[in-house]
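Below: the structure, in structure tokens.
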Number of protein chains: 2
Amino acid sequence: MVERNGMSSFKLGKEPAMTEGLYSLLKRRGFFWPSYGIYGGVAGFYDLGPLGSLLCDNIETVWKNIFIVSEDYLLVDCPSIAPEIAFKSSGHLEKFSDHLTRCLNCSTAFRADHLLEGVVEIPDTLSRNELEGALRENDIECPVCGGKLGEVEEFNLMFRTTIGSGGEKTAYLRPETAQSIFMDFSLLYRTNRERMPFGVAQIGKGFRNEISPRQGILRLREFHMAEGEFFFDPAVHGFPPFERFKDTTVRAVPNNDPGSTVEVTLGKAVENGMICSEVLAHHMGITMSFALKIGIPKDRMRFRQHLASEMAHYARDCWDLEVELSSGWIEVVGIADRSAYDLNQHSKGSGEELAARRKLPEPVCQRSTQIEVDLKVLGPIFRGKTARIVKALGELDISHVKRYKEKGEPLMVELPGEGTNEVPIDAVNLVEIEERTSHEKFIPHVVEPSFGIDRLMVAVLEHAYTEMESSPLREKEEGEVGPYRVLRLDPKISPIKCGVFPLVNKDGLSDIARRIVQDLKRFGLTTYYDHSGSIGRRYARMDEIGTPFSITVDHKSIEDDSVTIRFRDTAEQIRLPVRDVPTKVLNMINGT
Amino acid sequence: MVERNGMSSFKLGKEPAMTEGLYSLLKRRGFFWPSYGIYGGVAGFYDLGPLGSLLCDNIETVWKNIFIVSEDYLLVDCPSIAPEIAFKSSGHLEKFSDHLTRCLNCSTAFRADHLLEGVVEIPDTLSRNELEGALRENDIECPVCGGKLGEVEEFNLMFRTTIGSGGEKTAYLRPETAQSIFMDFSLLYRTNRERMPFGVAQIGKGFRNEISPRQGILRLREFHMAEGEFFFDPAVHGFPPFERFKDTTVRAVPNNDPGSTVEVTLGKAVENGMICSEVLAHHMGITMSFALKIGIPKDRMRFRQHLASEMAHYARDCWDLEVELSSGWIEVVGIADRSAYDLNQHSKGSGEELAARRKLPEPVCQRSTQIEVDLKVLGPIFRGKTARIVKALGELDISHVKRYKEKGEPLMVELPGEGTNEVPIDAVNLVEIEERTSHEKFIPHVVEPSFGIDRLMVAVLEHAYTEMESSPLREKEEGEVGPYRVLRLDPKISPIKCGVFPLVNKDGLSDIARRIVQDLKRFGLTTYYDHSGSIGRRYARMDEIGTPFSITVDHKSIEDDSVTIRFRDTAEQIRLPVRDVPTKVLNMINGT
């Protein structure tokens, strides 16, 4: 038996790509394919077909089970479209760009740094001027037509649109899901009953108008991501839940020696300062346990620390989880300590305070600003609803009132069910008071684990894919050519859990098989009923899409209501009563 | 006990809206809130907070369990951004618009038909000219400033963007998820091993740049939808799976008598021609069973048939599932027979055939076009890979080759791993051959059930919401004001499944409680650990977010490892061993 695990790679341009056998399998069986094929396709867009969308869904379910169920992250789901101001504050409007150069002859656009790969070191860390210099010095020409290249410009990667009928309100598609979480911080903190630390997660689409996405699913213009933002008090040292991962060994590529890989426990790495905090190391631990759970082998992953030149000025530390694929090491998760940067930016941009409170060791006297209202003015205006107006005023943010006070504009106060009310600003005063307080405000720091689901899918598929020139799994078939293919996916993420086959399509066998399908469906299990072709060919169809269990109904089933269940990876078969099938399958999936 | 179920409604503009008590609860506890609040908000965008996003997720899971698992629909997941050509073919570019009129004085934009509500009958069926006439005849002025209104124009509701660095490729955000399924028809049909009928489903965001979305979550500019496209052969009469729903009674508002509601079985309605086909009626049956499963009461739903004037010319029939909310009957699902319209449109627009095959009663002689290649030309060009090129040419669509032949342009043939190859068109000929065939081609028809998930969430919440002036559920608390609130959500969709409480925060009770939390998490159950406040208040916190089960650890637990489990809707409590808790909870959720 010759077993290859995917090393006959092929490349599409410079894009890391999959092995040829796997690629053709995935397209043929409906995992994914380029979008808009009937219109010639649009680069950077992929459809997940019937099997790919289930695989994606199952990976996201594992992710939710870890982050939402186990780690108690709060899940949110916010729009993809955001107004320009949001990205002005976040910095994306100014800085979320790549360097573009266009051929003066054929007009093709290129990422300037891509043209310098292999020519200079780490070209994507160069500035616009440095790139322009390097292109000139190295006499780089248009790779398409050999023409002269134009100036290097900054090209913002966000998709632009407008909201409303006047076309006046500029908006962008989010390049990441994170920003909504920062903008909602105060609402989330309140929802969490003002407890710290806490995490917030979002799963959804991200959009980046890449300059020249090459073929393949690794660099998409619209992609699936899952992000967490873990808010914590930077003044608190240590993170007790980290105990769980202290002794977990990882392969690390630290930035003080980027050529070497070290084996180190997460605890040790924090102790010796390689990883900046227990909170960050904890999230590296969670990330690795997730990657293992979806079937990425431990010896094919490593954590690479960002070089100082790769990191944003506000980042305290940043590690990528990389997976070794047929075409090299590919980043699939980024885990960054972003300090208080994002909350500070949105706070500045909006004028609304985004802060949490911590208890002081002992109470102190503190001056603060409070709202005082003039009932003599409000009473006659609002009559019966004055009390509700006063209550609503009391809930307003002080900084918000201050701004309206400065502008001299009336406050708009919304009462649920009673619409918006205009409150004259003169009836509202801000008074400075002094009081004993046992709390102080602070801006939380954040650790952000950010997962690229499409890349994780590719990683999982490559490592699950096995080709065998001949295989004990293959029953002899006339006309069979090519290797025998098995996707050894973890049953948890397999798109289809059970194939169900009547051995022959008569004698009532298909009735029994249909009944088993119904039973399995009641437990939420995806099934594939198949009555055509030899049983060996039906097994092979399931093996190549990663279906872990195949149930066959034969003539003995009529006598004693038993069936065989065959296991994908071993071809082993056992016989069991029909009524035990769903429980057996569920237990195998859950590993119990 | 005074029990109100939500009828003290309030309205925001003309938008149907929720009851006041429910609205404030949902915002306060983090179900949802308007997006971008720190920047003043943007109309038509809502965030799902921690509880809302779990509720949404759970509703989608129920939907997937019905459509994907039980009904064997193929799930797909395609981009939100699509090139202009896609919407040119689908008709959205020309016709997906509302009628807009702008105040000549204050510039506010309005939907012309909204200004005529209550003035003329069914204003949204009027043409541009009719609307303009009706506005003039009825002296309608700007509702904001009383100014004169401008001309009525068509306003396309799609969000526009561009793909690529040149800004040259116009694209739009999908206004529905359906179009990708039509464009992918041939791939999906092949994936399904060319079997008919079959369904394809997609869950995702839809985007519509509404002219003046009023407040609330019922008309959003970005919304959650779940759509199915069920492809079938229109020449086949009857649909055996419909047997299941033949005797299902529904409340129907037929379009031949839109003032009346009739009770009718789906079988009878097909027989007497009220519903156009068994396939359509079957999908009404599935839709109702879904709505019941997520907790919408049967006596608050009805199916309303579209009037002839509401239906597109190609639609054979269309029914909306409407739910009675505090503000009236609201459409939550549309189920339409769209005939072969969409496949025909994309087939015309792309030049690629989108068809299925049916077996003929007996074989016939048929002329067809096939590809013939000139190896004398190809051999010297492609050498070692000639065979692979010929194979790839054979897999091309005939209509595709024909177009290139007519244009006289070379064919681009992609070989996996070997890039794109240019094949001179003269080396490829199309020959007419005659052969016996047992199949013929046809364009499948489609029935489309389209679900608005946000609206379904609102419907579910309104019907689950109960206010009680006094309640046996409420334990006496000092300072409690207002009604006692319970969300009687079906446990399947409740965001949090279990509250877990140590009675006091000492004596080791919290250790036991933490252990129970861990146990529940292992089964994928969302939990809320709470040790603060009286036990009555902790129950109340769970009741108002719809948590069905509360588990309390008390001093007896230390002695015999037992706990109490309290049921939300009855306040009944039973005692059971700690080890039985997860199974008990799972069984209650699954109704077993």
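Ordering of the structure tokens sets the chain letters (A, B, ...); residue numbers start at 1 within each chain; ligands are numbered from 1 in the order shown.
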Specify as a PDB file with N, CA and C atoms, in the first residue's frame all residues of chain A found within 7 Å of chain B, counting only C-alpha atoms.
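Below is the file that was written, iface13.pdb:
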ATOM      1  N   PHE A  10       0.641  21.553  -6.371  1.00  0.00           N
ATOM      2  CA  PHE A  10       0.801  22.392  -7.551  1.00  0.00           C
ATOM      3  C   PHE A  10       0.486  23.808  -7.120  1.00  0.00           C
ATOM      4  N   LYS A  11       1.018  24.749  -7.852  1.00  0.00           N
ATOM      5  CA  LYS A  11       0.822  26.142  -7.461  1.00  0.00           C
ATOM      6  C   LYS A  11       0.065  26.878  -8.546  1.00  0.00           C
ATOM      7  N   LEU A  12      -0.783  27.745  -8.147  1.00  0.00           N
ATOM      8  CA  LEU A  12      -1.472  28.628  -9.070  1.00  0.00           C
ATOM      9  C   LEU A  12      -0.866  29.992  -8.821  1.00  0.00           C
ATOM     10  N   GLU A  20      -3.257  18.271  -6.268  1.00  0.00           N
ATOM     11  CA  GLU A  20      -4.133  18.168  -7.422  1.00  0.00           C
ATOM     12  C   GLU A  20      -5.289  17.188  -7.201  1.00  0.00           C
ATOM     13  N   ARG A  29     -17.039  16.812  -6.003  1.00  0.00           N
ATOM     14  CA  ARG A  29     -18.040  16.383  -5.035  1.00  0.00           C
ATOM     15  C   ARG A  29     -18.799  17.550  -4.403  1.00  0.00           C
ATOM     16  N   GLY A  30     -18.450  18.775  -4.735  1.00  0.00           N
ATOM     17  CA  GLY A  30     -19.250  19.901  -4.258  1.00  0.00           C
ATOM     18  C   GLY A  30     -18.834  20.449  -2.907  1.00  0.00           C
ATOM     19  N   TYR A  36     -19.779  32.500  -9.565  1.00  0.00           N
ATOM     20  CA  TYR A  36     -20.194  33.172 -10.807  1.00  0.00           C
ATOM     21  C   TYR A  36     -19.544  32.558 -12.040  1.00  0.00           C
ATOM     22  N   ILE A  38     -20.777  30.749 -14.388  1.00  0.00           N
ATOM     23  CA  ILE A  38     -21.485  30.866 -15.674  1.00  0.00           C
ATOM     24  C   ILE A  38     -21.243  32.228 -16.305  1.00  0.00           C
ATOM     25  N   TYR A  39     -20.784  33.187 -15.520  1.00  0.00           N
ATOM     26  CA  TYR A  39     -20.447  34.506 -16.075  1.00  0.00           C
ATOM     27  C   TYR A  39     -18.932  34.691 -16.184  1.00  0.00           C
ATOM     28  N   PHE A  45     -13.700  35.265  -5.167  1.00  0.00           N
ATOM     29  CA  PHE A  45     -14.988  34.843  -4.603  1.00  0.00           C
ATOM     30  C   PHE A  45     -15.185  33.348  -4.827  1.00  0.00           C
ATOM     31  N   TYR A  46     -15.557  32.660  -3.778  1.00  0.00           N
ATOM     32  CA  TYR A  46     -15.798  31.226  -3.824  1.00  0.00           C
ATOM     33  C   TYR A  46     -17.157  30.892  -3.243  1.00  0.00           C
ATOM     34  N   ASP A  47     -17.801  29.886  -3.805  1.00  0.00           N
ATOM     35  CA  ASP A  47     -19.030  29.346  -3.214  1.00  0.00           C
ATOM     36  C   ASP A  47     -18.690  28.106  -2.421  1.00  0.00           C
ATOM     37  N   LEU A  48     -19.271  27.966  -1.261  1.00  0.00           N
ATOM     38  CA  LEU A  48     -19.222  26.686  -0.577  1.00  0.00           C
ATOM     39  C   LEU A  48     -20.408  25.875  -1.071  1.00  0.00           C
ATOM     40  N   GLY A  49     -20.116  24.734  -1.667  1.00  0.00           N
ATOM     41  CA  GLY A  49     -21.175  23.855  -2.151  1.00  0.00           C
ATOM     42  C   GLY A  49     -21.770  23.056  -0.995  1.00  0.00           C
ATOM     43  N   PRO A  50     -22.612  22.071  -1.321  1.00  0.00           N
ATOM     44  CA  PRO A  50     -23.345  21.339  -0.281  1.00  0.00           C
ATOM     45  C   PRO A  50     -22.443  20.733   0.803  1.00  0.00           C
ATOM     46  N   SER A  53     -20.321  23.761   2.709  1.00  0.00           N
ATOM     47  CA  SER A  53     -21.084  24.604   3.643  1.00  0.00           C
ATOM     48  C   SER A  53     -21.382  23.845   4.934  1.00  0.00           C
ATOM     49  N   LEU A  54     -21.595  22.523   4.829  1.00  0.00           N
ATOM     50  CA  LEU A  54     -21.796  21.745   6.054  1.00  0.00           C
ATOM     51  C   LEU A  54     -20.498  21.655   6.854  1.00  0.00           C
ATOM     52  N   ASN A  65     -18.812  25.964  20.428  1.00  0.00           N
ATOM     53  CA  ASN A  65     -18.804  25.127  21.628  1.00  0.00           C
ATOM     54  C   ASN A  65     -17.649  25.477  22.542  1.00  0.00           C
ATOM     55  N   VAL A  69     -19.889  28.316  24.546  1.00  0.00           N
ATOM     56  CA  VAL A  69     -20.390  27.428  25.602  1.00  0.00           C
ATOM     57  C   VAL A  69     -19.354  27.265  26.716  1.00  0.00           C
ATOM     58  N   SER A  70     -18.123  26.849  26.353  1.00  0.00           N
ATOM     59  CA  SER A  70     -17.146  26.551  27.407  1.00  0.00           C
ATOM     60  C   SER A  70     -16.535  27.802  28.016  1.00  0.00           C
ATOM     61  N   LEU A  74     -19.537  36.128  25.084  1.00  0.00           N
ATOM     62  CA  LEU A  74     -20.843  36.600  24.630  1.00  0.00           C
ATOM     63  C   LEU A  74     -20.811  36.644  23.103  1.00  0.00           C
ATOM     64  N   LEU A  75     -21.813  36.054  22.472  1.00  0.00           N
ATOM     65  CA  LEU A  75     -21.880  36.078  21.008  1.00  0.00           C
ATOM     66  C   LEU A  75     -22.646  37.319  20.562  1.00  0.00           C
ATOM     67  N   VAL A  76     -22.168  37.994  19.531  1.00  0.00           N
ATOM     68  CA  VAL A  76     -22.961  39.076  18.935  1.00  0.00           C
ATOM     69  C   VAL A  76     -23.018  38.864  17.423  1.00  0.00           C
ATOM     70  N   ASP A  77     -23.927  39.577  16.781  1.00  0.00           N
ATOM     71  CA  ASP A  77     -24.091  39.450  15.338  1.00  0.00           C
ATOM     72  C   ASP A  77     -24.466  40.827  14.803  1.00  0.00           C
ATOM     73  N   CYS A  78     -23.501  41.499  14.210  1.00  0.00           N
ATOM     74  CA  CYS A  78     -23.668  42.901  13.812  1.00  0.00           C
ATOM     75  C   CYS A  78     -23.567  43.026  12.292  1.00  0.00           C
ATOM     76  N   PRO A  79     -24.022  44.168  11.754  1.00  0.00           N
ATOM     77  CA  PRO A  79     -24.062  44.311  10.305  1.00  0.00           C
ATOM     78  C   PRO A  79     -22.675  44.282   9.645  1.00  0.00           C
ATOM     79  N   PHE A 159     -14.369  47.721   0.667  1.00  0.00           N
ATOM     80  CA  PHE A 159     -15.396  47.935  -0.349  1.00  0.00           C
ATOM     81  C   PHE A 159     -16.256  49.120   0.087  1.00  0.00           C
ATOM     82  N   ARG A 160     -16.445  50.072  -0.806  1.00  0.00           N
ATOM     83  CA  ARG A 160     -17.184  51.278  -0.489  1.00  0.00           C
ATOM     84  C   ARG A 160     -18.605  51.171  -1.019  1.00  0.00           C
ATOM     85  N   THR A 161     -19.558  51.709  -0.266  1.00  0.00           N
ATOM     86  CA  THR A 161     -20.928  51.816  -0.762  1.00  0.00           C
ATOM     87  C   THR A 161     -21.561  53.049  -0.140  1.00  0.00           C
ATOM     88  N   THR A 162     -22.847  53.269  -0.392  1.00  0.00           N
ATOM     89  CA  THR A 162     -23.530  54.397   0.247  1.00  0.00           C
ATOM     90  C   THR A 162     -24.855  53.921   0.803  1.00  0.00           C
ATOM     91  N   ILE A 163     -25.254  54.562   1.903  1.00  0.00           N
ATOM     92  CA  ILE A 163     -26.529  54.217   2.542  1.00  0.00           C
ATOM     93  C   ILE A 163     -27.512  55.346   2.276  1.00  0.00           C
ATOM     94  N   GLY A 164     -28.735  55.007   1.959  1.00  0.00           N
ATOM     95  CA  GLY A 164     -29.788  56.014   1.804  1.00  0.00           C
ATOM     96  C   GLY A 164     -29.990  56.407   0.365  1.00  0.00           C
ATOM     97  N   SER A 165     -31.061  57.112   0.137  1.00  0.00           N
ATOM     98  CA  SER A 165     -31.478  57.389  -1.232  1.00  0.00           C
ATOM     99  C   SER A 165     -30.695  58.529  -1.865  1.00  0.00           C
ATOM    100  N   MET A 183     -17.351  49.135  19.352  1.00  0.00           N
ATOM    101  CA  MET A 183     -18.358  50.198  19.409  1.00  0.00           C
ATOM    102  C   MET A 183     -19.465  49.874  20.416  1.00  0.00           C
ATOM    103  N   THR A 191     -24.586  44.560  29.799  1.00  0.00           N
ATOM    104  CA  THR A 191     -25.257  43.260  29.653  1.00  0.00           C
ATOM    105  C   THR A 191     -24.570  42.209  30.522  1.00  0.00           C
ATOM    106  N   ASN A 209     -11.144  44.123  -0.514  1.00  0.00           N
ATOM    107  CA  ASN A 209     -11.044  44.275  -1.962  1.00  0.00           C
ATOM    108  C   ASN A 209      -9.586  44.095  -2.408  1.00  0.00           C
ATOM    109  N   GLU A 210      -9.104  42.852  -2.307  1.00  0.00           N
ATOM    110  CA  GLU A 210      -7.708  42.558  -2.618  1.00  0.00           C
ATOM    111  C   GLU A 210      -7.351  43.045  -4.022  1.00  0.00           C
ATOM    112  N   ILE A 211      -6.136  43.544  -4.185  1.00  0.00           N
ATOM    113  CA  ILE A 211      -5.716  44.085  -5.475  1.00  0.00           C
ATOM    114  C   ILE A 211      -5.660  42.998  -6.543  1.00  0.00           C
ATOM    115  N   GLU A 222     -14.144  37.957  -0.072  1.00  0.00           N
ATOM    116  CA  GLU A 222     -15.200  37.811   0.934  1.00  0.00           C
ATOM    117  C   GLU A 222     -14.946  36.485   1.627  1.00  0.00           C
ATOM    118  N   SER A 350     -16.103  59.150  18.872  1.00  0.00           N
ATOM    119  CA  SER A 350     -17.538  59.333  19.118  1.00  0.00           C
ATOM    120  C   SER A 350     -17.822  60.322  20.235  1.00  0.00           C
ATOM    121  N   GLU A 352     -18.045  59.394  23.188  1.00  0.00           N
ATOM    122  CA  GLU A 352     -18.695  58.613  24.248  1.00  0.00           C
ATOM    123  C   GLU A 352     -17.623  57.825  25.001  1.00  0.00           C
ATOM    124  N   PRO A 416     -39.530  54.868  25.239  1.00  0.00           N
ATOM    125  CA  PRO A 416     -40.088  53.745  24.483  1.00  0.00           C
ATOM    126  C   PRO A 416     -41.607  53.900  24.370  1.00  0.00           C
ATOM    127  N   GLY A 417     -42.102  53.885  23.176  1.00  0.00           N
ATOM    128  CA  GLY A 417     -43.542  53.955  22.957  1.00  0.00           C
ATOM    129  C   GLY A 417     -44.088  55.362  22.914  1.00  0.00           C
ATOM    130  N   GLY A 419     -42.091  57.961  21.603  1.00  0.00           N
ATOM    131  CA  GLY A 419     -41.325  58.705  20.605  1.00  0.00           C
ATOM    132  C   GLY A 419     -40.216  59.550  21.211  1.00  0.00           C
ATOM    133  N   LYS A 521     -32.208  11.006  11.294  1.00  0.00           N
ATOM    134  CA  LYS A 521     -32.592  12.400  11.108  1.00  0.00           C
ATOM    135  C   LYS A 521     -33.193  12.989  12.375  1.00  0.00           C
ATOM    136  N   GLY A 524     -30.862  14.657  14.398  1.00  0.00           N
ATOM    137  CA  GLY A 524     -30.135  15.767  13.776  1.00  0.00           C
ATOM    138  C   GLY A 524     -28.937  15.325  12.949  1.00  0.00           C
ATOM    139  N   LEU A 525     -28.873  14.033  12.610  1.00  0.00           N
ATOM    140  CA  LEU A 525     -27.712  13.528  11.883  1.00  0.00           C
ATOM    141  C   LEU A 525     -27.938  13.603  10.380  1.00  0.00           C
ATOM    142  N   THR A 526     -26.958  14.147   9.658  1.00  0.00           N
ATOM    143  CA  THR A 526     -27.052  14.201   8.207  1.00  0.00           C
ATOM    144  C   THR A 526     -26.789  12.815   7.625  1.00  0.00           C
TER     145      THR A 526
END
- Find the residues near Phe231 (chain B): any atom within 9 Å, counting only C-alpha atoms, skip ones fewer than 5 places away on the same chain, and give them as a ChimeraX atom specification. /B:196-200,444-448
- Task: Could you check which of B:Leu131, B:Arg485, B:Phe451, B:Pro254 is closest to Glu117 (chain B), using only C-alpha atoms?
- Result: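 Counting only C-alpha atoms, the residue closest to Glu117 (chain B) is B:Leu131.
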- Message: Give me the residues near region 241-245 of chain B as a PyMOL selection string, where near means some atom within 10 Å (using only C-alpha atoms) and where sequence neighbours in that chain fewer than 2 positions away do not count.
- Response: chain B and resi 71+238-239+247-249+265-267+278-286+289
- Query: Hey, what does DSSP flag as alpha helix (DSSP H) within region 424-487 of chain B? Can you give it to me as JSON, numbers by chain?
  - Reply: {"B": [453, 454, 455, 456, 457, 458, 459, 460, 461, 462, 463, 464]}
- Message: Which residues are close to Val264 (chain B), i.e. within 12 Å by only C-alpha atoms, leaving aside same-chain residues fewer than 4 positions away? Reply as number ranges by chain.
- Response: B: 245-254, 268-272, 274-275, 281, 302-303
- Residue set, region 271-386 of chain B restricted to strand (DSSP E), as number ranges by chain: B: 301-305, 317-325, 328-337, 356-373
How would the residues just picked look written out with N, CA and C atoms as a compact mmCIF listing (two decimals), in the first residue's frame?
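Heads up, here's the output in out.txt:
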# COMPACT_ATOMS: atom_id res chain seq x y z
N MET B 301 -51.43 32.30 13.21
CA MET B 301 -50.84 32.35 11.86
C MET B 301 -51.88 32.07 10.79
N ARG B 302 -51.60 32.60 9.61
CA ARG B 302 -52.47 32.34 8.46
C ARG B 302 -51.62 32.43 7.19
N PHE B 303 -52.10 31.80 6.15
CA PHE B 303 -51.45 31.92 4.85
C PHE B 303 -52.28 32.87 3.99
N ARG B 304 -51.65 33.91 3.49
CA ARG B 304 -52.35 34.86 2.63
C ARG B 304 -51.82 34.72 1.21
N GLN B 305 -52.73 34.51 0.28
CA GLN B 305 -52.32 34.37 -1.12
C GLN B 305 -52.12 35.75 -1.73
N ASP B 317 -48.00 31.08 -8.47
CA ASP B 317 -48.78 31.19 -7.24
C ASP B 317 -47.83 31.67 -6.14
N CYS B 318 -48.37 32.33 -5.14
CA CYS B 318 -47.52 32.81 -4.06
C CYS B 318 -48.34 33.01 -2.78
N TRP B 319 -47.84 32.46 -1.69
CA TRP B 319 -48.51 32.56 -0.39
C TRP B 319 -47.54 33.10 0.65
N ASP B 320 -48.02 34.02 1.46
CA ASP B 320 -47.21 34.49 2.59
C ASP B 320 -47.68 33.82 3.88
N LEU B 321 -46.75 33.41 4.72
CA LEU B 321 -47.14 33.06 6.08
C LEU B 321 -47.14 34.36 6.87
N GLU B 322 -48.30 34.71 7.43
CA GLU B 322 -48.39 35.92 8.24
C GLU B 322 -48.63 35.53 9.70
N VAL B 323 -48.07 36.32 10.60
CA VAL B 323 -48.26 36.07 12.03
C VAL B 323 -48.91 37.30 12.64
N GLU B 324 -49.87 37.06 13.51
CA GLU B 324 -50.56 38.18 14.13
C GLU B 324 -49.72 38.69 15.30
N LEU B 325 -49.28 39.94 15.18
CA LEU B 325 -48.50 40.56 16.25
C LEU B 325 -49.32 41.68 16.85
N GLY B 328 -50.65 43.96 14.22
CA GLY B 328 -51.35 43.48 13.03
C GLY B 328 -50.70 42.24 12.45
N TRP B 329 -51.17 41.86 11.26
CA TRP B 329 -50.64 40.67 10.60
C TRP B 329 -49.38 41.02 9.84
N ILE B 330 -48.28 40.34 10.15
CA ILE B 330 -46.99 40.64 9.55
C ILE B 330 -46.50 39.43 8.75
N GLU B 331 -46.03 39.68 7.53
CA GLU B 331 -45.46 38.61 6.70
C GLU B 331 -44.11 38.17 7.26
N VAL B 332 -43.95 36.87 7.46
CA VAL B 332 -42.66 36.37 7.94
C VAL B 332 -41.99 35.40 6.97
N VAL B 333 -42.81 34.76 6.12
CA VAL B 333 -42.28 33.83 5.12
C VAL B 333 -43.05 34.03 3.83
N GLY B 334 -42.39 33.96 2.70
CA GLY B 334 -43.07 33.96 1.40
C GLY B 334 -42.78 32.65 0.71
N ILE B 335 -43.79 32.04 0.11
CA ILE B 335 -43.60 30.76 -0.58
C ILE B 335 -44.17 30.90 -1.98
N ALA B 336 -43.28 30.91 -2.97
CA ALA B 336 -43.71 31.24 -4.32
C ALA B 336 -43.34 30.15 -5.31
N ASP B 337 -44.21 29.91 -6.26
CA ASP B 337 -43.86 29.09 -7.42
C ASP B 337 -43.40 30.04 -8.50
N ALA B 356 -32.09 20.36 -16.80
CA ALA B 356 -32.01 19.01 -16.26
C ALA B 356 -32.46 18.03 -17.35
N ARG B 357 -32.33 16.74 -17.06
CA ARG B 357 -32.74 15.74 -18.04
C ARG B 357 -33.84 14.86 -17.46
N ARG B 358 -34.81 14.53 -18.30
CA ARG B 358 -35.81 13.55 -17.87
C ARG B 358 -35.79 12.37 -18.82
N LYS B 359 -36.15 11.20 -18.30
CA LYS B 359 -36.18 9.98 -19.10
C LYS B 359 -37.42 10.02 -19.98
N LEU B 360 -37.22 9.65 -21.23
CA LEU B 360 -38.36 9.59 -22.15
C LEU B 360 -39.11 8.27 -21.97
N PRO B 361 -40.39 8.25 -22.28
CA PRO B 361 -41.14 6.97 -22.19
C PRO B 361 -40.48 5.91 -23.07
N GLU B 362 -40.02 6.31 -24.26
CA GLU B 362 -39.20 5.39 -25.06
C GLU B 362 -38.14 6.19 -25.82
N PRO B 363 -37.03 5.50 -26.14
CA PRO B 363 -35.93 6.22 -26.78
C PRO B 363 -36.33 6.83 -28.12
N VAL B 364 -35.72 7.93 -28.48
CA VAL B 364 -35.97 8.57 -29.78
C VAL B 364 -34.64 8.88 -30.45
N CYS B 365 -34.73 9.17 -31.74
CA CYS B 365 -33.55 9.61 -32.46
C CYS B 365 -33.41 11.11 -32.28
N GLN B 366 -32.21 11.56 -31.95
CA GLN B 366 -32.05 12.98 -31.70
C GLN B 366 -30.77 13.48 -32.34
N ARG B 367 -30.87 14.67 -32.90
CA ARG B 367 -29.66 15.30 -33.43
C ARG B 367 -28.99 16.07 -32.32
N SER B 368 -27.68 16.01 -32.26
CA SER B 368 -27.00 16.82 -31.25
C SER B 368 -25.66 17.30 -31.78
N THR B 369 -25.11 18.25 -31.10
CA THR B 369 -23.85 18.83 -31.52
C THR B 369 -22.74 18.30 -30.62
N GLN B 370 -21.65 17.89 -31.22
CA GLN B 370 -20.54 17.42 -30.40
C GLN B 370 -19.23 18.09 -30.84
N ILE B 371 -18.25 18.00 -29.94
CA ILE B 371 -16.96 18.62 -30.22
C ILE B 371 -16.02 17.62 -30.87
N GLU B 372 -15.34 18.05 -31.93
CA GLU B 372 -14.35 17.22 -32.60
C GLU B 372 -13.05 18.01 -32.61
N VAL B 373 -11.94 17.38 -32.22
CA VAL B 373 -10.69 18.15 -32.17
C VAL B 373 -9.71 17.68 -33.23
